[in-house]
file start38.txt (compact mmCIF, C-alpha atoms (C1' of nucleotides))
# COMPACT_ATOMS: atom_id res chain seq x y z
CA MET A 3 -11.99 5.98 -192.74
CA LYS A 4 -11.89 5.37 -189.04
CA THR A 5 -9.84 8.37 -188.18
CA GLU A 6 -12.15 9.09 -185.28
CA LYS A 7 -10.50 6.60 -183.04
CA ARG A 8 -7.19 8.25 -183.68
CA LYS A 9 -8.60 11.67 -183.02
CA LYS A 10 -9.84 10.57 -179.64
CA LEU A 11 -6.58 8.93 -178.80
CA GLU A 12 -4.58 11.99 -179.60
CA ALA A 13 -6.98 14.23 -177.79
CA ALA A 14 -6.34 12.31 -174.63
CA GLY A 15 -2.56 12.42 -174.60
CA TRP A 16 -1.66 8.93 -175.63
CA LYS A 17 2.00 9.73 -175.83
CA VAL A 18 2.71 7.12 -173.22
CA GLY A 19 3.07 3.55 -174.19
CA ASP A 20 2.46 2.13 -177.60
CA ALA A 21 -0.64 2.95 -179.56
CA HIS A 22 -1.40 -0.57 -180.62
CA GLU A 23 -2.21 -1.68 -177.11
CA PHE A 24 -4.68 0.98 -176.08
CA LEU A 25 -7.38 0.51 -178.61
CA ALA A 26 -8.17 -1.86 -181.38
CA LEU A 27 -6.07 -0.06 -183.90
CA THR A 28 -4.92 -2.33 -186.64
CA GLN A 29 -1.22 -2.90 -186.93
CA ASP A 30 -1.14 -0.65 -189.96
CA GLU A 31 -2.91 2.13 -188.13
CA SER A 32 -0.57 2.05 -185.17
CA ASP A 33 2.44 1.82 -187.46
CA PHE A 34 1.23 4.94 -189.16
CA VAL A 35 0.73 6.77 -185.91
CA GLU A 36 4.11 5.76 -184.63
CA ILE A 37 5.79 6.93 -187.78
CA LYS A 38 4.23 10.31 -187.23
CA LEU A 39 5.41 10.30 -183.64
CA ALA A 40 8.93 9.43 -184.67
CA LEU A 41 8.99 12.22 -187.22
CA ALA A 42 7.61 14.65 -184.67
CA ARG A 43 10.25 13.74 -182.11
CA ARG A 44 13.00 14.06 -184.65
CA LEU A 45 11.73 17.45 -185.73
CA ARG A 46 11.97 18.77 -182.20
CA THR A 47 15.43 17.33 -181.75
CA LEU A 48 16.63 18.89 -184.95
CA ARG A 49 15.12 22.25 -184.13
CA GLU A 50 16.78 22.27 -180.75
CA LYS A 51 20.06 21.29 -182.35
CA HIS A 52 19.87 24.51 -184.36
CA ASN A 53 18.83 26.46 -181.28
CA TRP A 54 15.77 27.64 -183.13
CA THR A 55 12.50 28.72 -181.60
CA GLN A 56 9.37 27.26 -183.08
CA ALA A 57 8.76 30.60 -184.72
CA GLU A 58 12.17 30.50 -186.39
CA LEU A 59 11.68 27.01 -187.69
CA ALA A 60 8.24 28.08 -188.91
CA LYS A 61 9.87 30.78 -190.98
CA HIS A 62 12.25 28.31 -192.59
CA VAL A 63 9.39 25.98 -193.37
CA GLY A 64 7.07 28.75 -194.51
CA SER A 65 4.58 28.01 -191.82
CA SER A 66 3.49 29.32 -188.46
CA GLN A 67 4.58 28.82 -184.89
CA SER A 68 1.33 27.16 -183.95
CA ARG A 69 1.66 24.63 -186.71
CA VAL A 70 5.18 23.80 -185.59
CA ALA A 71 3.90 23.28 -182.08
CA LYS A 72 1.27 20.94 -183.44
CA MET A 73 3.81 19.10 -185.52
CA GLU A 74 6.01 18.49 -182.53
CA ALA A 75 2.96 17.32 -180.61
CA ALA A 76 2.10 15.00 -183.51
CA ASP A 77 -1.32 16.56 -183.48
CA SER A 78 -3.90 14.76 -185.55
CA THR A 79 -4.29 17.73 -187.87
CA VAL A 80 -0.74 17.58 -189.16
CA SER A 81 0.10 15.46 -192.14
CA VAL A 82 3.15 13.37 -192.82
CA ASP A 83 3.70 15.58 -195.84
CA LEU A 84 4.15 18.64 -193.65
CA LEU A 85 6.34 16.77 -191.20
CA VAL A 86 8.60 15.53 -193.96
CA ARG A 87 8.86 18.93 -195.58
CA SER A 88 9.63 20.48 -192.24
CA LEU A 89 12.29 17.95 -191.45
CA LEU A 90 13.94 18.64 -194.77
CA ALA A 91 13.80 22.34 -194.01
CA ALA A 92 15.39 21.59 -190.66
CA GLY A 93 18.32 19.98 -192.40
CA ALA A 94 17.45 16.32 -192.46
CA ASN A 95 18.32 14.47 -195.63
CA ARG A 96 16.67 11.44 -197.19
CA ARG A 97 18.94 8.99 -195.46
CA GLU A 98 18.16 10.45 -192.07
CA LEU A 99 14.45 10.52 -192.81
CA GLY A 100 14.67 6.90 -193.76
CA ARG A 101 16.24 6.07 -190.43
CA VAL A 102 13.52 7.91 -188.57
CA VAL A 103 10.75 6.19 -190.48
CA GLY A 104 12.29 2.77 -190.31
CA SER A 105 13.40 2.31 -186.74
CA LYS A 106 11.28 2.06 -183.67
CA SER A 107 13.49 4.48 -181.77
CA ARG A 108 12.23 3.47 -178.39
CA MET B 12 4.01 27.83 -201.22
CA LYS B 13 5.45 27.41 -204.67
CA THR B 14 3.65 24.21 -205.39
CA GLU B 15 2.77 25.52 -208.84
CA LYS B 16 6.09 24.69 -210.28
CA ARG B 17 5.71 21.14 -209.10
CA LYS B 18 2.23 20.92 -210.52
CA LYS B 19 3.50 21.88 -213.93
CA LEU B 20 6.38 19.48 -213.74
CA GLU B 21 4.17 16.59 -212.87
CA ALA B 22 1.65 17.54 -215.50
CA ALA B 23 4.32 17.19 -218.11
CA GLY B 24 5.61 13.75 -217.21
CA TRP B 25 8.85 14.51 -215.52
CA LYS B 26 9.46 10.92 -214.66
CA VAL B 27 12.70 11.00 -216.61
CA GLY B 28 15.84 12.24 -215.02
CA ASP B 29 16.11 13.92 -211.70
CA ALA B 30 13.81 16.70 -210.69
CA HIS B 31 16.47 18.99 -209.32
CA GLU B 32 17.99 19.62 -212.70
CA PHE B 33 14.92 20.56 -214.67
CA LEU B 34 13.79 23.58 -212.83
CA ALA B 35 15.01 25.70 -210.00
CA LEU B 36 13.57 23.48 -207.33
CA THR B 37 15.38 23.79 -204.10
CA GLN B 38 17.18 20.74 -202.86
CA ASP B 39 14.46 20.22 -200.29
CA GLU B 40 11.75 20.39 -202.89
CA SER B 41 13.36 17.87 -205.16
CA ASP B 42 14.12 15.61 -202.22
CA PHE B 43 10.48 15.71 -201.35
CA VAL B 44 9.40 14.91 -204.88
CA GLU B 45 11.85 12.08 -205.14
CA ILE B 46 10.66 10.58 -201.90
CA LYS B 47 7.17 10.55 -203.33
CA LEU B 48 8.45 8.93 -206.48
CA ALA B 49 10.29 6.28 -204.54
CA LEU B 50 7.18 5.48 -202.51
CA ALA B 51 5.11 5.33 -205.68
CA ARG B 52 7.50 2.94 -207.35
CA ARG B 53 7.61 0.73 -204.33
CA LEU B 54 3.83 0.65 -204.12
CA ARG B 55 3.58 -0.64 -207.67
CA THR B 56 6.25 -3.24 -207.06
CA LEU B 57 4.50 -4.45 -203.94
CA ARG B 58 1.13 -4.59 -205.63
CA GLU B 59 2.53 -6.62 -208.48
CA LYS B 60 4.21 -8.92 -206.03
CA HIS B 61 0.77 -9.74 -204.65
CA ASN B 62 -0.62 -10.07 -208.17
CA TRP B 63 -3.24 -7.52 -207.31
CA THR B 64 -5.01 -5.23 -209.72
CA GLN B 65 -5.19 -1.58 -208.81
CA ALA B 66 -8.83 -2.15 -207.91
CA GLU B 67 -7.90 -4.92 -205.50
CA LEU B 68 -5.25 -2.85 -203.80
CA ALA B 69 -7.76 -0.02 -203.62
CA LYS B 70 -10.09 -2.26 -201.68
CA HIS B 71 -7.37 -3.13 -199.19
CA VAL B 72 -6.53 0.49 -198.73
CA GLY B 73 -10.13 1.62 -198.62
CA SER B 74 -9.73 3.76 -201.68
CA SER B 75 -10.50 3.70 -205.37
CA GLN B 76 -8.80 2.36 -208.46
CA SER B 77 -8.26 5.82 -209.86
CA ARG B 78 -6.54 6.97 -206.73
CA VAL B 79 -4.25 3.97 -206.83
CA ALA B 80 -3.38 4.78 -210.42
CA LYS B 81 -2.57 8.31 -209.36
CA MET B 82 -0.49 7.10 -206.47
CA GLU B 83 1.58 4.90 -208.71
CA ALA B 84 2.00 7.82 -211.08
CA ALA B 85 3.06 9.98 -208.13
CA ASP B 86 0.40 12.43 -209.23
CA SER B 87 0.59 15.80 -207.58
CA THR B 88 -2.77 15.30 -205.92
CA VAL B 89 -1.64 12.37 -203.81
CA SER B 90 -0.14 12.96 -200.42
CA VAL B 91 2.70 11.16 -198.72
CA ASP B 92 0.18 10.23 -196.05
CA LEU B 93 -1.87 8.25 -198.52
CA LEU B 94 1.18 6.65 -200.05
CA VAL B 95 2.45 5.54 -196.67
CA ARG B 96 -0.89 4.17 -195.58
CA SER B 97 -1.22 2.33 -198.87
CA LEU B 98 2.22 0.85 -198.59
CA LEU B 99 1.42 -0.41 -195.13
CA ALA B 100 -1.79 -1.91 -196.48
CA ALA B 101 0.25 -3.55 -199.20
CA GLY B 102 2.36 -5.28 -196.59
CA ALA B 103 5.33 -3.00 -196.15
CA ASN B 104 6.56 -2.52 -192.60
CA ARG B 105 8.31 0.42 -191.03
CA ARG B 106 11.77 -0.92 -191.78
CA GLU B 107 10.97 -1.31 -195.44
CA LEU B 108 9.39 2.12 -195.60
CA GLY B 109 12.51 3.51 -194.08
CA ARG B 110 14.62 1.93 -196.76
CA VAL B 111 12.39 3.36 -199.48
CA VAL B 112 12.49 6.84 -198.02
CA GLY B 113 16.17 6.80 -197.31
CA SER B 114 17.83 5.45 -200.41
CA LYS B 115 17.99 6.98 -203.81
CA SER B 116 17.14 3.71 -205.51
CA ARG B 117 18.20 4.77 -208.94
C1' DC C 3 -8.19 -7.22 -235.83
C1' DG C 4 -11.80 -7.38 -231.79
C1' DC C 5 -12.87 -7.68 -227.12
C1' DG C 6 -12.43 -7.74 -222.29
C1' DA C 7 -9.60 -6.54 -218.49
C1' DA C 8 -6.41 -3.36 -216.55
C1' DT C 9 -4.80 1.09 -216.14
C1' DA C 10 -4.93 6.11 -216.88
C1' DT C 11 -7.15 10.64 -216.86
C1' DG C 12 -10.65 14.19 -215.76
C1' DT C 13 -13.89 16.11 -212.81
C1' DC C 14 -17.31 16.54 -209.22
C1' DT C 15 -18.36 17.21 -203.87
C1' DG C 16 -17.23 16.73 -199.38
C1' DA C 17 -13.53 16.00 -195.94
C1' DT C 18 -9.18 17.24 -194.28
C1' DC C 19 -5.28 20.20 -193.69
C1' DC C 20 -3.23 24.53 -194.20
C1' DG C 21 -1.45 29.26 -192.46
C1' DG C 22 -2.74 32.90 -189.61
C1' DC C 23 -4.29 34.91 -185.69
C1' DA C 24 -5.79 35.32 -180.85
C1' DT C 25 -5.07 33.71 -176.58
C1' DA C 26 -3.71 30.67 -172.79
C1' DT C 27 -0.15 28.50 -170.36
C1' DA C 28 4.79 27.51 -169.14
C1' DC C 29 9.41 28.80 -168.56
C1' DT C 30 13.46 31.96 -167.26
C1' DG C 31 15.92 35.28 -165.27
C1' DA C 32 16.07 39.88 -162.78
C1' DT D 4 6.89 38.31 -158.03
C1' DC D 5 6.87 40.10 -162.38
C1' DA D 6 8.10 40.82 -167.34
C1' DG D 7 9.55 38.88 -171.37
C1' DT D 8 9.92 35.00 -174.23
C1' DA D 9 8.68 30.46 -175.69
C1' DT D 10 5.34 27.03 -176.35
C1' DA D 11 0.53 25.22 -176.48
C1' DT D 12 -4.35 25.38 -177.82
C1' DG D 13 -8.52 26.86 -180.26
C1' DC D 14 -10.70 28.60 -184.10
C1' DC D 15 -11.58 30.33 -188.92
C1' DG D 16 -11.67 30.69 -193.96
C1' DG D 17 -9.41 29.17 -197.85
C1' DA D 18 -6.50 25.67 -200.09
C1' DT D 19 -5.61 21.03 -200.91
C1' DC D 20 -6.71 16.24 -201.04
C1' DA D 21 -9.98 12.50 -200.58
C1' DG D 22 -13.20 8.85 -202.71
C1' DA D 23 -16.31 8.16 -206.31
C1' DC D 24 -17.68 7.92 -210.84
C1' DA D 25 -17.41 8.42 -215.87
C1' DT D 26 -14.65 7.94 -219.50
C1' DA D 27 -10.41 7.32 -222.22
C1' DT D 28 -6.47 4.66 -223.25
C1' DT D 29 -3.54 0.75 -223.19
C1' DC D 30 -2.65 -4.10 -222.93
C1' DG D 31 -2.95 -9.24 -223.65
C1' DC D 32 -4.85 -12.84 -225.97
C1' DG D 33 -7.97 -15.36 -229.02
call {"tool": "encode", "arguments": {"input": "start38.txt", "output": "structure tokens"}}
result
Amino acid sequence: MKTEKRKKLEAAGWKVGDAHEFLALTQDESDFVEIKLALARRLRTLREKHNWTQAELAKHVGSSQSRVAKMEAADSTVSVDLLVRSLLAAGANRRELGRVVGSKSR
Amino acid sequence: MKTEKRKKLEAAGWKVGDAHEFLALTQDESDFVEIKLALARRLRTLREKHNWTQAELAKHVGSSQSRVAKMEAADSTVSVDLLVRSLLAAGANRRELGRVVGSKSR
DNA sequence: CGCGAATATGTCTGATCCGGCATATACTGA
DNA sequence: TCAGTATATGCCGGATCAGACATATTCGCG
């Protein structure tokens, strides 16, 4: 598993631009990263729509403020599982999740 | 985290019917489970479309045959992360993933 | 039936991810 | 500026998930 490359990328604030161009990530790898980014962005949007602090969202999810912060930053230590569960807790439904996953949103 | 309930469910072959009805899973929980199921089903379909054995798909994913079997069974020990990465390796793109996540497909 | 290939199931060990906590930094209004 | 609140970052110990392997079980075909 070449997750190292990704780790480095994320460590260096690669939020700008599109992951595929910066390093020799395969298409699949950059797709995966961008899906995580899209979920992260949507999570923040949804949280703000509720006027929730990260701590409040954390309570709904059953998690902690720091983890929410990391989710929204699409930190490398957060899984898609957690993002999806959090989005559901934030009121997203399957259809909306599908839209987030499926469209480039940029 | 009340993942225990889910563990039991999965252990007992809950493939029939819809998760929400069997036990007192919250809507979010059953949504999550059903997303996993949908991904699992799609993975099998895609693999068969390529005429790949589980072992062959495993090689493409960088995993093992047993893990592929568990993915397709939506075993409780497989994460959405792995399912998504496997689907990408099996040729699905973001749009298709979005469709799988977003529609009830049953 | 018998046999080989495919798939399923169980279990190890190490890697990854989790929540929690402490702390740093950023933001807002008085 | 300063206090209070929100967000970000780092770390730890325990929980979960990974790949690998061994071993059933099922399937297709002669």
call {"tool": "atom_distance", "arguments": {"input": "start38.txt", "atom1": "atom CA of B:Ala101", "atom2": "atom C1' of C:DA10"}}
result
20.8 Å
call {"tool": "closest_atom_pairs", "arguments": {"input": "start38.txt", "of": "chain A", "to": "chain B", "cutoff": "12 Å", "atoms": "only C-alpha atoms", "output": "tab-separated table"}}
result
residue	atom	partner	partner_atom	distance
A:Met3	CA	B:Gly73	CA	7.6
A:Lys4	CA	B:Gly73	CA	10.4
A:Thr28	CA	B:Ala100	CA	10.3
A:Gln29	CA	B:Leu99	CA	9.0
A:Asp30	CA	B:Leu99	CA	5.8
A:Glu31	CA	B:Arg96	CA	8.0
A:Ser32	CA	B:Leu99	CA	10.5
A:Asp33	CA	B:Arg105	CA	7.0
A:Phe34	CA	B:Arg96	CA	6.8
A:Val35	CA	B:Arg96	CA	10.1
A:Glu36	CA	B:Arg105	CA	9.3
A:Ile37	CA	B:Arg105	CA	7.7
A:Lys38	CA	B:Asp92	CA	9.7
A:Ala40	CA	B:Arg105	CA	11.0
A:Leu41	CA	B:Gly109	CA	11.6
A:His62	CA	B:Asp39	CA	11.4
A:Val63	CA	B:Met12	CA	9.7
A:Gly64	CA	B:Met12	CA	7.4
A:Ser65	CA	B:Met12	CA	9.4
A:Thr79	CA	B:Asp92	CA	12.0
A:Val80	CA	B:Asp92	CA	10.1
A:Ser81	CA	B:Asp92	CA	6.5
A:Val82	CA	B:Asp92	CA	5.4
A:Asp83	CA	B:Val91	CA	5.4
A:Leu84	CA	B:Val91	CA	9.2
A:Leu85	CA	B:Val91	CA	10.1
A:Val86	CA	B:Phe43	CA	7.6
A:Arg87	CA	B:Phe43	CA	6.8
A:Ser88	CA	B:Asp39	CA	9.4
A:Leu89	CA	B:Asp39	CA	9.4
A:Leu90	CA	B:Asp39	CA	5.8
A:Ala91	CA	B:Asp39	CA	6.7
A:Ala92	CA	B:Asp39	CA	9.8
A:Gly93	CA	B:Asp39	CA	8.8
A:Ala94	CA	B:Asp39	CA	9.2
A:Asn95	CA	B:Asp42	CA	7.9
A:Arg96	CA	B:Gly113	CA	4.7
A:Arg97	CA	B:Gly113	CA	4.0
A:Glu98	CA	B:Gly113	CA	6.7
A:Leu99	CA	B:Gly113	CA	6.1
A:Gly100	CA	B:Gly113	CA	3.9
A:Arg101	CA	B:Gly109	CA	5.8
A:Val102	CA	B:Gly109	CA	7.1
A:Val103	CA	B:Gly109	CA	4.8
A:Gly104	CA	B:Gly109	CA	3.8
A:Ser105	CA	B:Arg106	CA	6.2
A:Lys106	CA	B:Arg105	CA	8.1
A:Ser107	CA	B:Arg105	CA	11.4
call {"tool": "write_last_selection", "arguments": {"input": "start38.txt", "atoms": "C-alpha atoms", "output": "PDB file, in the coordinates of the input"}}
result
ATOM      1  CA  MET A   3     -11.990   5.980-192.740  1.00  0.00           C
ATOM      2  CA  LYS A   4     -11.890   5.370-189.040  1.00  0.00           C
ATOM      3  CA  THR A  28      -4.920  -2.330-186.640  1.00  0.00           C
ATOM      4  CA  GLN A  29      -1.220  -2.900-186.930  1.00  0.00           C
ATOM      5  CA  ASP A  30      -1.140  -0.650-189.960  1.00  0.00           C
ATOM      6  CA  GLU A  31      -2.910   2.130-188.130  1.00  0.00           C
ATOM      7  CA  SER A  32      -0.570   2.050-185.170  1.00  0.00           C
ATOM      8  CA  ASP A  33       2.440   1.820-187.460  1.00  0.00           C
ATOM      9  CA  PHE A  34       1.230   4.940-189.160  1.00  0.00           C
ATOM     10  CA  VAL A  35       0.730   6.770-185.910  1.00  0.00           C
ATOM     11  CA  GLU A  36       4.110   5.760-184.630  1.00  0.00           C
ATOM     12  CA  ILE A  37       5.790   6.930-187.780  1.00  0.00           C
ATOM     13  CA  LYS A  38       4.230  10.310-187.230  1.00  0.00           C
ATOM     14  CA  ALA A  40       8.930   9.430-184.670  1.00  0.00           C
ATOM     15  CA  LEU A  41       8.990  12.220-187.220  1.00  0.00           C
ATOM     16  CA  HIS A  62      12.250  28.310-192.590  1.00  0.00           C
ATOM     17  CA  VAL A  63       9.390  25.980-193.370  1.00  0.00           C
ATOM     18  CA  GLY A  64       7.070  28.750-194.510  1.00  0.00           C
ATOM     19  CA  SER A  65       4.580  28.010-191.820  1.00  0.00           C
ATOM     20  CA  THR A  79      -4.290  17.730-187.870  1.00  0.00           C
ATOM     21  CA  VAL A  80      -0.740  17.580-189.160  1.00  0.00           C
ATOM     22  CA  SER A  81       0.100  15.460-192.140  1.00  0.00           C
ATOM     23  CA  VAL A  82       3.150  13.370-192.820  1.00  0.00           C
ATOM     24  CA  ASP A  83       3.700  15.580-195.840  1.00  0.00           C
ATOM     25  CA  LEU A  84       4.150  18.640-193.650  1.00  0.00           C
ATOM     26  CA  LEU A  85       6.340  16.770-191.200  1.00  0.00           C
ATOM     27  CA  VAL A  86       8.600  15.530-193.960  1.00  0.00           C
ATOM     28  CA  ARG A  87       8.860  18.930-195.580  1.00  0.00           C
ATOM     29  CA  SER A  88       9.630  20.480-192.240  1.00  0.00           C
ATOM     30  CA  LEU A  89      12.290  17.950-191.450  1.00  0.00           C
ATOM     31  CA  LEU A  90      13.940  18.640-194.770  1.00  0.00           C
ATOM     32  CA  ALA A  91      13.800  22.340-194.010  1.00  0.00           C
ATOM     33  CA  ALA A  92      15.390  21.590-190.660  1.00  0.00           C
ATOM     34  CA  GLY A  93      18.320  19.980-192.400  1.00  0.00           C
ATOM     35  CA  ALA A  94      17.450  16.320-192.460  1.00  0.00           C
ATOM     36  CA  ASN A  95      18.320  14.470-195.630  1.00  0.00           C
ATOM     37  CA  ARG A  96      16.670  11.440-197.190  1.00  0.00           C
ATOM     38  CA  ARG A  97      18.940   8.990-195.460  1.00  0.00           C
ATOM     39  CA  GLU A  98      18.160  10.450-192.070  1.00  0.00           C
ATOM     40  CA  LEU A  99      14.450  10.520-192.810  1.00  0.00           C
ATOM     41  CA  GLY A 100      14.670   6.900-193.760  1.00  0.00           C
ATOM     42  CA  ARG A 101      16.240   6.070-190.430  1.00  0.00           C
ATOM     43  CA  VAL A 102      13.520   7.910-188.570  1.00  0.00           C
ATOM     44  CA  VAL A 103      10.750   6.190-190.480  1.00  0.00           C
ATOM     45  CA  GLY A 104      12.290   2.770-190.310  1.00  0.00           C
ATOM     46  CA  SER A 105      13.400   2.310-186.740  1.00  0.00           C
ATOM     47  CA  LYS A 106      11.280   2.060-183.670  1.00  0.00           C
ATOM     48  CA  SER A 107      13.490   4.480-181.770  1.00  0.00           C
TER      49      SER A 107
END
call {"tool": "atom_distance", "arguments": {"input": "start38.txt", "atom1": "atom C1' of C:DT9", "atom2": "atom CA of B:Ala80"}}
result
7.0 Å
call {"tool": "closest_residue", "arguments": {"input": "start38.txt", "among": "D:DA6, D:DG16, D:DG31, D:DA21", "to": "chain A", "atoms": "all atoms listed in the file"}}
result
D:DA21
call {"tool": "closest_residue", "arguments": {"input": "start38.txt", "among": "D:DC24, D:DC14, D:DC32, D:DA9", "to": "chain A", "atoms": "only C-alpha atoms (C1' of nucleotides)"}}
result
D:DA9
call {"tool": "interface_residues", "arguments": {"input": "start38.txt", "of": "chain B", "to": "chain C", "cutoff": "10 Å", "atoms": "all atoms listed in the file", "output": "VMD selection string"}}
result
chain B and resid 64 to 66 76 to 77 79 to 81 84
call {"tool": "write_last_selection", "arguments": {"input": "start38.txt", "atoms": "C-alpha atoms", "output": "mmCIF file, in the coordinates of the input"}}
result
data_model
loop_
_atom_site.group_PDB
_atom_site.id
_atom_site.type_symbol
_atom_site.label_atom_id
_atom_site.label_comp_id
_atom_site.auth_asym_id
_atom_site.auth_seq_id
_atom_site.Cartn_x
_atom_site.Cartn_y
_atom_site.Cartn_z
ATOM 1 C CA THR B 64 -5.010 -5.230 -209.720
ATOM 2 C CA GLN B 65 -5.190 -1.580 -208.810
ATOM 3 C CA ALA B 66 -8.830 -2.150 -207.910
ATOM 4 C CA GLN B 76 -8.800 2.360 -208.460
ATOM 5 C CA SER B 77 -8.260 5.820 -209.860
ATOM 6 C CA VAL B 79 -4.250 3.970 -206.830
ATOM 7 C CA ALA B 80 -3.380 4.780 -210.420
ATOM 8 C CA LYS B 81 -2.570 8.310 -209.360
ATOM 9 C CA ALA B 84 2.000 7.820 -211.080
#
call {"tool": "closest_residue", "arguments": {"input": "start38.txt", "among": "D:DG17, D:DG22, D:DG33, D:DG7", "to": "chain A", "atoms": "only C-alpha atoms (C1' of nucleotides)"}}
result
D:DG22
call {"tool": "atom_distance", "arguments": {"input": "start38.txt", "atom1": "atom CA of A:Ala42", "atom2": "atom CA of A:Asp77"}}
result
9.2 Å
call {"tool": "interface_residues", "arguments": {"input": "start38.txt", "of": "chain D", "to": "chain A", "cutoff": "12 Å", "atoms": "only C-alpha atoms (C1' of nucleotides)", "output": "count of residues only"}}
result
10
